[in-house]
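Pasting protein.csv here (CSV, C-alpha atoms):
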chain,number,residue,atom,x,y,z
O,1,MET,CA,26.0,98.9,77.2
O,2,GLU,CA,22.4,98.1,76.7
O,3,LYS,CA,20.9,94.6,76.0
O,4,LEU,CA,17.7,94.4,74.0
O,5,THR,CA,15.9,91.1,73.1
O,6,TYR,CA,13.2,90.5,70.6
O,7,ARG,CA,11.2,87.4,69.6
O,8,PHE,CA,9.0,87.3,66.5
O,9,GLN,CA,6.5,84.5,65.6
O,10,GLY,CA,4.9,83.3,62.5
O,11,GLY,CA,8.0,83.1,60.2
O,12,SER,CA,8.2,80.4,57.6
O,13,ARG,CA,11.6,80.7,55.9
O,14,ALA,CA,14.0,78.1,57.2
O,15,LEU,CA,17.8,78.7,57.3
O,16,PRO,CA,20.7,76.3,56.5
O,17,GLN,CA,22.7,74.9,59.4
O,18,GLN,CA,26.0,76.8,58.8
O,19,ALA,CA,26.2,79.9,61.0
O,20,GLU,CA,27.4,83.1,59.5
O,21,LEU,CA,29.0,86.3,60.8
O,22,VAL,CA,28.9,89.6,58.9
O,23,GLY,CA,30.2,93.1,59.8
O,24,VAL,CA,32.7,94.3,62.3
O,25,VAL,CA,32.3,95.8,65.7
O,26,GLY,CA,33.8,99.2,64.9
O,27,SER,CA,32.6,102.8,65.3
O,28,GLY,CA,29.2,103.2,63.5
O,29,ASN,CA,29.2,99.6,62.6
O,30,LEU,CA,28.1,96.2,64.0
O,31,GLU,CA,28.5,92.5,63.7
O,32,VAL,CA,25.6,90.1,63.1
O,33,LEU,CA,25.8,86.4,64.0
O,34,ILE,CA,23.0,84.4,62.4
O,35,GLU,CA,22.3,80.7,63.2
O,36,SER,CA,19.5,78.3,62.9
O,37,GLY,CA,18.2,76.6,66.0
O,38,PRO,CA,15.1,75.0,67.5
O,39,LEU,CA,13.0,78.0,68.7
O,40,GLY,CA,9.5,76.6,68.1
O,41,GLY,CA,9.4,78.4,64.7
O,42,ASP,CA,10.4,81.8,66.2
O,43,CYS,CA,13.1,84.3,65.3
O,44,ALA,CA,15.0,85.4,68.4
O,45,ILE,CA,17.2,88.5,68.3
O,46,GLU,CA,19.6,89.7,71.0
O,47,VAL,CA,21.2,93.1,70.6
O,48,ASN,CA,24.1,94.4,72.7
O,49,THR,CA,24.6,98.1,71.9
O,50,ALA,CA,26.9,100.8,73.0
O,51,ALA,CA,24.3,103.5,72.2
O,52,LEU,CA,21.9,103.8,75.1
O,53,GLY,CA,18.2,104.7,75.0
O,54,PHE,CA,17.3,103.7,71.4
O,55,GLY,CA,15.1,100.7,72.2
O,56,ALA,CA,12.1,102.0,70.3
O,57,THR,CA,14.2,102.5,67.1
O,58,TRP,CA,15.8,99.1,67.4
O,59,GLU,CA,12.3,97.5,67.8
O,60,ALA,CA,11.1,99.2,64.6
O,61,VAL,CA,14.1,98.1,62.7
O,62,MET,CA,13.8,94.5,63.9
O,63,ARG,CA,10.1,94.4,63.2
O,64,ASP,CA,10.8,95.6,59.6
O,65,PHE,CA,13.5,93.0,59.3
O,66,HIS,CA,11.2,90.2,60.4
O,67,GLU,CA,8.5,91.4,58.0
O,68,ARG,CA,11.0,91.4,55.1
O,69,TRP,CA,12.4,87.9,55.7
O,70,GLN,CA,9.9,85.9,57.8
O,71,LEU,CA,12.7,83.8,59.3
O,72,SER,CA,11.7,80.7,61.3
O,73,ASP,CA,13.9,78.9,63.9
O,74,ALA,CA,16.5,81.7,63.6
O,75,ARG,CA,18.8,83.0,66.3
O,76,ILE,CA,20.4,86.4,65.6
O,77,ALA,CA,23.0,88.1,67.9
O,78,ILE,CA,24.2,91.6,67.4
O,79,ASN,CA,27.2,93.5,68.8
O,80,ASP,CA,26.7,97.1,68.0
O,81,MET,CA,28.9,100.2,68.3
O,82,GLY,CA,26.4,102.9,67.4
O,83,ALA,CA,25.4,101.9,63.8
O,84,THR,CA,22.6,103.9,62.3
O,85,PRO,CA,19.2,102.2,61.6
O,86,ALA,CA,20.0,102.0,57.8
O,87,VAL,CA,23.3,100.3,58.5
O,88,VAL,CA,21.7,97.8,60.9
O,89,SER,CA,19.1,96.9,58.2
O,90,LEU,CA,21.7,96.5,55.5
O,91,ARG,CA,23.8,94.2,57.8
O,92,LEU,CA,20.8,92.1,58.7
O,93,ASP,CA,20.0,91.7,55.0
O,94,GLN,CA,23.6,90.8,54.3
O,95,ALA,CA,23.6,88.2,57.1
O,96,VAL,CA,20.5,86.5,55.7
O,97,GLU,CA,21.7,86.7,52.1
O,98,THR,CA,25.1,85.3,53.0
O,99,MET,CA,23.4,82.4,54.9
O,100,LEU,CA,21.1,81.7,51.9
O,101,GLY,CA,24.1,81.6,49.6
O,102,GLY,CA,23.7,85.0,48.1
O,103,LEU,CA,26.1,87.9,48.4
O,104,ARG,CA,29.1,87.6,50.7
Y,1,MET,CA,41.8,93.5,41.3
Y,2,SER,CA,40.8,93.2,44.9
Y,3,SER,CA,42.6,95.5,47.4
Y,4,TYR,CA,43.9,93.6,50.4
Y,5,LEU,CA,43.8,96.8,52.4
Y,6,GLU,CA,40.0,97.3,51.9
Y,7,LEU,CA,39.0,93.8,53.0
Y,8,THR,CA,38.0,92.6,56.4
Y,9,ALA,CA,40.0,89.8,58.1
Y,10,ARG,CA,37.5,87.1,57.1
Y,11,GLU,CA,37.4,88.3,53.5
Y,12,ARG,CA,41.2,88.1,53.4
Y,13,LEU,CA,41.2,84.5,54.6
Y,14,ALA,CA,38.5,83.5,52.1
Y,15,LEU,CA,40.3,85.0,49.2
Y,16,LEU,CA,44.0,84.4,50.0
Y,17,PHE,CA,43.8,80.6,50.4
Y,18,ASP,CA,42.3,77.9,48.2
Y,19,ALA,CA,38.6,78.6,47.6
Y,20,GLY,CA,36.5,77.3,50.5
Y,21,SER,CA,39.4,75.7,52.3
Y,22,PHE,CA,39.5,77.9,55.4
Y,23,GLU,CA,38.2,75.9,58.4
Y,24,GLU,CA,37.9,78.0,61.5
Y,25,PHE,CA,38.8,77.0,65.1
Y,26,LEU,CA,36.6,78.6,67.8
Y,27,PRO,CA,34.3,80.2,65.3
Y,28,PRO,CA,32.1,83.2,66.3
Y,29,LYS,CA,29.2,80.9,67.2
Y,30,ALA,CA,31.4,79.5,70.0
Y,31,ARG,CA,31.2,83.0,71.5
Y,32,VAL,CA,34.6,83.0,73.1
Y,33,ILE,CA,34.6,86.7,74.0
Y,34,SER,CA,36.8,89.0,76.1
Y,35,PRO,CA,35.9,88.7,79.8
Y,36,HIS,CA,37.6,92.1,80.4
Y,37,LEU,CA,35.6,94.3,78.0
Y,38,ALA,CA,32.3,93.3,79.5
Y,39,GLN,CA,33.6,94.4,82.9
Y,40,LEU,CA,34.4,97.8,81.4
Y,41,ASP,CA,31.0,98.0,79.8
Y,42,ALA,CA,32.6,98.0,76.4
Y,43,PRO,CA,31.4,96.2,73.2
Y,44,VAL,CA,32.7,92.8,72.5
Y,45,ALA,CA,33.2,90.8,69.3
Y,46,PHE,CA,32.2,87.1,69.0
Y,47,ASP,CA,35.7,86.2,67.7
Y,48,ASP,CA,37.6,88.8,69.9
Y,49,GLY,CA,39.0,90.4,66.7
Y,50,VAL,CA,40.9,87.4,65.3
Y,51,ALA,CA,39.9,84.4,63.2
Y,52,VAL,CA,42.1,81.3,63.4
Y,53,GLY,CA,42.0,78.0,61.6
Y,54,ARG,CA,43.4,75.7,58.9
Y,55,ALA,CA,43.4,76.3,55.2
Y,56,ARG,CA,45.1,75.1,52.0
Y,57,LEU,CA,47.5,77.1,49.8
Y,58,ASP,CA,48.0,75.5,46.4
Y,59,GLY,CA,47.0,72.3,48.2
Y,60,GLN,CA,49.5,72.6,51.1
Y,61,ALA,CA,48.0,72.2,54.5
Y,62,VAL,CA,48.7,75.5,56.4
Y,63,PHE,CA,47.4,77.2,59.5
Y,64,ALA,CA,46.3,80.8,59.4
Y,65,ALA,CA,45.1,83.7,61.5
Y,66,ALA,CA,43.7,87.1,60.5
Y,67,GLN,CA,43.4,90.0,62.9
Y,68,GLU,CA,40.5,92.4,62.3
Y,69,GLY,CA,41.7,96.0,62.3
Y,70,GLY,CA,38.1,97.3,62.5
Y,71,PHE,CA,37.6,95.9,66.0
Y,72,MET,CA,39.7,98.0,68.4
Y,73,GLY,CA,42.4,98.5,65.9
Y,74,GLY,CA,43.3,94.8,65.9
Y,75,ALA,CA,44.5,95.2,69.5
Y,76,VAL,CA,45.5,92.0,71.3
Y,77,GLY,CA,43.5,91.0,74.4
Y,78,GLU,CA,43.8,87.9,76.5
Y,79,VAL,CA,41.4,85.8,74.4
Y,80,HIS,CA,42.7,87.2,71.1
Y,81,GLY,CA,46.3,86.3,72.1
Y,82,ALA,CA,45.3,82.9,73.4
Y,83,LYS,CA,43.7,82.1,70.1
Y,84,LEU,CA,47.0,82.9,68.3
Y,85,VAL,CA,49.0,80.8,70.8
Y,86,GLY,CA,46.6,77.9,70.5
Y,87,LEU,CA,46.8,78.1,66.7
Y,88,LEU,CA,50.6,78.0,66.7
Y,89,LYS,CA,50.7,75.1,69.2
Y,90,ARG,CA,48.2,73.1,67.1
Y,91,ALA,CA,50.2,73.8,63.9
Y,92,VAL,CA,53.2,72.2,65.6
Y,93,ALA,CA,51.2,69.2,66.9
Y,94,GLU,CA,49.7,68.6,63.4
Y,95,LYS,CA,53.0,69.4,61.5
Y,96,ALA,CA,51.5,72.1,59.4
Y,97,ALA,CA,53.5,73.2,56.3
Y,98,ALA,CA,53.5,76.7,57.6
Y,99,VAL,CA,51.6,79.2,59.7
Y,100,VAL,CA,50.5,82.3,57.8
Y,101,LEU,CA,49.7,85.3,60.1
Y,102,LEU,CA,47.6,88.1,58.5
Y,103,LEU,CA,48.6,90.8,61.0
Y,104,GLU,CA,46.8,94.1,61.5
Y,105,SER,CA,47.2,95.5,65.0
Y,106,GLY,CA,48.0,98.5,67.1
Y,107,GLY,CA,49.6,96.1,69.6
Y,108,VAL,CA,48.4,95.3,73.1
Y,109,ARG,CA,44.8,96.0,74.0
Y,110,LEU,CA,45.4,98.5,76.8
Y,111,HIS,CA,41.9,97.9,78.3
Y,112,GLU,CA,43.1,94.4,79.3
Y,113,ALA,CA,46.3,95.7,80.9
Y,114,ASN,CA,48.7,92.9,82.1
Y,115,ALA,CA,46.5,90.2,80.6
Y,116,GLY,CA,47.1,91.8,77.1
Y,117,LEU,CA,50.8,92.2,77.7
Y,118,VAL,CA,51.2,88.6,78.8
Y,119,ALA,CA,49.2,87.5,75.8
Y,120,VAL,CA,51.5,89.2,73.3
Y,121,SER,CA,54.6,87.8,75.0
Y,122,GLU,CA,53.1,84.3,74.8
Y,123,VAL,CA,52.4,84.8,71.1
Y,124,MET,CA,56.1,85.7,70.6
Y,125,ARG,CA,57.2,82.6,72.5
Y,126,ALA,CA,54.7,80.4,70.5
Y,127,VAL,CA,56.1,81.8,67.1
Y,128,LEU,CA,59.6,80.9,68.2
Y,129,ASP,CA,58.5,77.5,69.5
Y,130,ALA,CA,56.8,76.8,66.1
Y,131,ARG,CA,60.0,77.8,64.2
Y,132,ASN,CA,62.0,75.6,66.6
Y,133,ALA,CA,59.8,72.7,65.8
Y,134,GLY,CA,60.3,73.2,62.1
Y,135,VAL,CA,57.1,75.0,61.2
Y,136,PRO,CA,57.9,78.2,59.3
Y,137,VAL,CA,55.8,81.3,60.2
Y,138,ILE,CA,55.1,84.0,57.7
Y,139,ALA,CA,53.7,87.4,58.5
Y,140,LEU,CA,51.6,89.4,56.0
Y,141,ILE,CA,51.1,93.1,56.7
Y,142,GLY,CA,48.7,95.1,54.5
Y,143,GLY,CA,45.9,96.5,56.6
Y,144,ALA,CA,45.1,100.2,57.2
Y,145,ASN,CA,46.0,99.9,60.9
Y,146,GLY,CA,49.5,98.7,60.2
Y,147,CYS,CA,51.4,96.4,62.6
Y,148,PHE,CA,52.6,98.2,65.7
Y,149,GLY,CA,53.7,97.6,69.3
Y,150,GLY,CA,54.0,94.0,70.5
Y,151,MET,CA,52.6,92.7,67.2
Y,152,GLY,CA,55.4,94.6,65.4
Y,153,ILE,CA,57.8,92.5,67.5
Y,154,VAL,CA,55.8,89.3,66.7
Y,155,ALA,CA,56.1,90.1,63.0
Y,156,ARG,CA,59.9,90.3,63.3
Y,157,CYS,CA,60.0,87.0,65.2
Y,158,THR,CA,58.7,85.2,62.1
Y,159,ASN,CA,60.7,83.7,59.3
Y,160,ALA,CA,59.5,86.2,56.7
Y,161,VAL,CA,57.5,89.4,56.5
Y,162,ILE,CA,55.5,90.3,53.4
Y,163,MET,CA,54.3,93.9,53.2
Y,164,SER,CA,52.4,96.2,50.7
Y,165,GLU,CA,53.5,99.8,50.2
Y,166,GLU,CA,50.4,100.9,52.1
Y,167,ALA,CA,51.3,98.7,55.1
Y,168,ARG,CA,53.2,100.0,58.1
Y,169,LEU,CA,55.5,98.2,60.6
Y,170,ALA,CA,57.0,99.7,63.7
Y,171,MET,CA,57.2,99.6,67.5
Y,172,SER,CA,55.6,102.9,68.7
Y,173,GLY,CA,53.0,104.5,66.5
Y,174,PRO,CA,53.5,108.0,65.1
Y,175,GLU,CA,51.1,109.6,67.6
Y,176,VAL,CA,52.9,107.9,70.5
Y,177,ILE,CA,56.3,109.2,69.3
Y,178,GLU,CA,55.0,112.7,68.8
Y,179,THR,CA,53.4,112.7,72.2
Y,180,ALA,CA,56.5,111.4,74.0
Y,181,ALA,CA,59.2,113.3,72.1
Y,182,GLY,CA,57.6,116.3,70.6
Y,183,VAL,CA,56.4,117.4,67.1
Y,184,GLU,CA,59.9,118.4,66.2
Y,185,GLU,CA,61.0,114.8,66.6
Y,186,PHE,CA,58.2,113.3,64.6
Y,187,ASP,CA,55.1,115.0,63.1
Y,188,SER,CA,52.4,112.3,63.1
Y,189,ARG,CA,50.1,114.4,60.8
Y,190,ASP,CA,52.7,114.4,58.1
Y,191,ARG,CA,51.4,111.4,56.3
Y,192,ALA,CA,54.2,111.2,53.7
Y,193,LEU,CA,56.8,111.3,56.5
Y,194,VAL,CA,54.9,108.6,58.4
Y,195,TRP,CA,54.9,106.3,55.4
Y,196,ARG,CA,58.5,107.1,54.5
Y,197,THR,CA,59.5,106.1,58.0
Y,198,THR,CA,57.2,103.1,58.7
Y,199,GLY,CA,55.8,102.1,55.3
Y,200,GLY,CA,56.5,99.0,53.3
Y,201,LYS,CA,59.0,100.5,51.0
Y,202,HIS,CA,61.3,101.7,53.7
Y,203,ARG,CA,61.0,98.4,55.6
Y,204,TYR,CA,61.9,96.6,52.4
Y,205,LEU,CA,65.0,98.9,51.9
Y,206,LEU,CA,66.1,98.4,55.5
Y,207,GLY,CA,65.7,94.6,55.3
Y,208,ASP,CA,62.9,94.5,57.9
Y,209,CYS,CA,60.6,92.8,55.3
Y,210,GLN,CA,61.6,90.3,52.7
Y,211,GLU,CA,58.9,91.0,50.1
Y,212,LEU,CA,57.2,94.1,49.0
Y,213,VAL,CA,54.0,93.6,46.9
Y,214,ALA,CA,51.2,95.6,45.4
Y,215,ASP,CA,48.0,96.0,47.5
Y,216,SER,CA,46.2,93.1,46.0
Y,217,VAL,CA,45.2,89.6,47.3
Y,218,PRO,CA,46.8,87.7,44.3
Y,219,ALA,CA,50.0,89.6,44.9
Y,220,PHE,CA,50.1,88.6,48.6
Y,221,ARG,CA,49.2,85.0,47.7
Y,222,ALA,CA,52.0,84.7,45.1
Y,223,ALA,CA,54.5,86.2,47.6
Y,224,VAL,CA,53.5,83.7,50.3
Y,225,LEU,CA,53.9,80.8,47.8
Y,226,ALA,CA,57.3,82.1,46.7
Y,227,THR,CA,58.4,82.6,50.3
Y,228,LEU,CA,57.3,79.1,51.3
Y,229,ALA,CA,59.5,77.7,48.5
Y,230,ARG,CA,62.4,79.9,49.5
Y,231,LEU,CA,62.1,79.0,53.2
Y,232,ARG,CA,62.4,75.3,52.4
Y,233,THR,CA,66.1,75.9,51.6
Y,234,GLN,CA,66.7,77.7,54.9
Y,235,GLU,CA,66.9,76.8,58.6
Y,236,THR,CA,63.4,77.3,60.1
Y,237,ALA,CA,64.5,77.6,63.7
Y,238,LEU,CA,66.0,80.9,65.0
Y,239,THR,CA,69.7,80.0,65.4
Y,240,LEU,CA,72.3,81.7,67.5
Y,241,ALA,CA,74.2,82.4,64.3
Y,242,ALA,CA,71.1,84.1,62.7
Y,243,LEU,CA,70.6,86.2,65.9
Y,244,GLU,CA,74.2,87.3,65.9
Y,245,ALA,CA,74.0,88.2,62.2
Y,246,GLU,CA,70.9,90.3,62.9
Y,247,GLN,CA,72.6,92.0,65.8
Y,248,THR,CA,75.6,92.9,63.5
Y,249,MET,CA,73.2,94.1,60.8
Y,250,LEU,CA,71.4,96.4,63.3
Y,251,ALA,CA,74.7,97.7,64.7
Y,252,GLN,CA,75.9,98.6,61.2
Y,253,ARG,CA,72.6,100.2,60.4
Y,254,LEU,CA,72.8,102.4,63.5
Y,255,GLU,CA,76.4,103.3,62.7
Y,256,ARG,CA,75.6,104.2,59.1
Y,257,PHE,CA,72.3,105.9,59.5
Y,258,GLY,CA,72.1,106.9,63.2
Y,259,GLY,CA,73.0,110.5,62.5
Y,260,LEU,CA,70.6,111.0,59.6
Y,261,GLU,CA,67.3,112.8,60.1
Y,262,GLU,CA,64.9,111.4,57.5
Y,263,PRO,CA,64.4,108.2,55.5
Y,264,MET,CA,65.2,109.8,52.2
Y,265,GLN,CA,68.8,110.5,53.4
Y,266,ILE,CA,69.1,106.8,54.2
Y,267,TRP,CA,68.0,105.9,50.7
Y,268,THR,CA,70.6,108.2,49.3
Y,269,ALA,CA,73.2,106.7,51.6
Y,270,LEU,CA,72.2,103.2,50.3
Y,271,GLY,CA,73.3,104.4,46.9
Y,272,ILE,CA,69.9,105.1,45.3
Y,273,ALA,CA,70.4,107.8,42.7
Y,274,GLU,CA,66.9,109.4,42.8
Y,275,PRO,CA,65.4,108.8,46.2
Y,276,ARG,CA,62.7,111.3,45.6
Y,277,SER,CA,61.2,109.1,42.9
Y,278,LEU,CA,60.8,106.1,45.2
Y,279,PRO,CA,57.5,107.0,46.9
Y,280,LEU,CA,55.8,107.4,43.6
Y,281,LEU,CA,56.8,104.0,42.1
Y,282,GLU,CA,54.5,101.0,41.9
Y,283,ALA,CA,55.6,98.0,43.8
Y,284,GLY,CA,57.0,96.1,40.8
Y,285,PRO,CA,59.2,98.8,39.3
Y,286,PHE,CA,60.2,99.9,42.9
Y,287,VAL,CA,61.5,96.4,43.7
Y,288,GLU,CA,63.3,96.2,40.4
Y,289,GLN,CA,65.0,99.5,41.0
Y,290,VAL,CA,66.1,99.0,44.6
Y,291,ALA,CA,66.6,95.3,45.0
Y,292,ALA,CA,70.3,95.6,44.6
Y,293,TYR,CA,70.7,98.3,47.2
Y,294,ARG,CA,68.5,97.0,50.0
Y,295,ILE,CA,69.9,95.7,53.2
Y,296,GLY,CA,69.8,92.0,53.9
Y,297,ALA,CA,68.9,91.0,50.3
Y,298,ASN,CA,68.4,87.3,50.2
Output the file's structure as structure tokens, nothing else.
Amino acid sequence: MEKLTYRFQGGSRALPQQAELVGVVGSGNLEVLIESGPLGGDCAIEVNTAALGFGATWEAVMRDFHERWQLSDARIAINDMGATPAVVSLRLDQAVETMLGGLR
Amino acid sequence: MSSYLELTARERLALLFDAGSFEEFLPPKARVISPHLAQLDAPVAFDDGVAVGRARLDGQAVFAAAQEGGFMGGAVGEVHGAKLVGLLKRAVAEKAAAVVLLLESGGVRLHEANAGLVAVSEVMRAVLDARNAGVPVIALIGGANGCFGGMGIVARCTNAVIMSEEARLAMSGPEVIETAAGVEEFDSRDRALVWRTTGGKHRYLLGDCQELVADSVPAFRAAVLATLARLRTQETALTLAALEAEQTMLAQRLERFGGLEEPMQIWTALGIAEPRSLPLLEAGPFVEQVAAYRIGAN
């Protein structure tokens, strides 16, 4: 397993209090737990992945995610079993949309 | 129509019970994860593969659990099992109208060895304790992973089992039987044979499940409501008389069918005129056609 952490600043979109979980930890899939919390306005992401050595790809996917959503005071935790970058992006969007009361 | 089979455990809970009524105990944000998987450097899930909590079903206060087949095949580890046990104990303490278990599991999570085995046996004891305290337990089986191993036993410890045709219920899985006894004994790649042997229709005919429903959430919901109403007229606890009746039924089953080689021969022996037509029937017409012939009709 490899643990990767990211922290992004400058977001402005606040989240509701209710935490949400989307996705399942299965082969080629991942779960995303998203919560709001006092992080000085930052968005903190922790990834635990079974696929070793893809830190640069994860960082690019996470940076894109933050640019899309600009979350503030958001804590995101990911358990991953080798999902592709596209699947990771879709799950992250699903997590935010679920939290904001969109698609479930 | 929403397929029960295709849904995740959490989606099933959200759709099966009254809208918005499911309230989870130990939700993912509590991060109660498996201590064993991390030691093995294996991925964990924040809910350890099972969601437990309380919900309402047509207004009735019930307790519910749903195993997630997508995480390690729904296998039961120490935490996963402890969540089920805790749920059943709390259901007794709070006098729930029923406990509804949405089972989907390959059985014990072998990675956790004895801790997993102990966990499953504790779940069995908790199911029987709940029944003894007057809380009926209902098992729903309709996921792609079926219900096998220790969880297959747990299912048969409940008051009633509800299955879809796509569901499977057995002790050893097809691959395990083939590995242990040879392909001549059981060809695990013969999917039609696997479903004829372990699938919902055969379990319904043999009396191992009490309801066979279509693969849809409304069908499962309607069956749970009907089963709850039916169970109110029956003893909830597992009695000695019920155990002895079950033993007699199993002995008769073995005597009647022990020499047969394939489920279709059993269906013929049950008196069904055209057994070959059974696998192709939808759930409704199937039940209509076989209800009079099945074992343990009640």
Inset, instruction - Kindly indicate which residue among O:Gln94, O:Thr5, O:Asn29, O:Gln17 lies nearest to O:Ala77, using all atoms listed in the file for the distances. - result: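 Going through O:Gln94, O:Thr5, O:Asn29, O:Gln17 one by one, the smallest distance to O:Ala77 is for O:Thr5.
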Exercise answer, chain O residues close to chain Y, 7 Å and only C-alpha atoms, as a short mmCIF file (atom, residue, chain, number, x, y, z; two decimals) with C-alpha atoms, keeping the file's coordinate frame:
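Result file result-v7.cif:
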data_model
loop_
_atom_site.label_atom_id
_atom_site.label_comp_id
_atom_site.auth_asym_id
_atom_site.auth_seq_id
_atom_site.Cartn_x
_atom_site.Cartn_y
_atom_site.Cartn_z
CA MET O 1 26.00 98.90 77.20
CA ALA O 19 26.20 79.90 61.00
CA VAL O 24 32.70 94.30 62.30
CA VAL O 25 32.30 95.80 65.70
CA GLY O 26 33.80 99.20 64.90
CA ALA O 50 26.90 100.80 73.00
CA ASN O 79 27.20 93.50 68.80
CA MET O 81 28.90 100.20 68.30
#
Inset, instruction - Within 8 Å of Y:Gly173, counting all atoms listed in the file, which residues show up once you throw out same-chain ones fewer than 2 positions away? Write them as a VMD selection string, please. - result: chain Y and resid 106 148 to 149 170 to 171 175 to 177
Inset, instruction - Take atom CA of Y:Ala51 and atom CA of Y:Glu122 and report the distance between them in Å, one decimal. - result: 17.6 Å
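Excluding O:Pro85 and any residue on its chain fewer than 3 positions from it, the residues at most 9 Å away by all atoms listed in the file are Thr57, Trp58, Val61, Val88, Ser89 and Leu90 of chain O.
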Legend entry - One-decimal distance in Å that lies between atom CA of Y:Ala160 and atom CA of Y:Val137: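 Calculated distance between atom CA of Y:Val137 and atom CA of Y:Ala160 is 7.1 Å.
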Inset, instruction - Identify, on the basis of only C-alpha atoms, every residue whose closest approach to Y:Arg54 does not exceed 8 Å; exclude the query and any residue fewer than 3 positions from it along the same chain; express the result as a list in words. - result: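 Non-adjacent residues within range: Ser21, Phe22, Glu23, Glu24, Phe25, Ala61, Val62, Phe63 and Ala64 of chain Y.
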Legend entry - Test item: residues at most 10 Å from stretch 216-224 of chain Y, all atoms listed in the file, excluding those fewer than 5 positions along its chain, as a ChimeraX atom specification: /Y:1-7,12-13,15-18,57-58,100,138-142,160-164,210-211,229-230
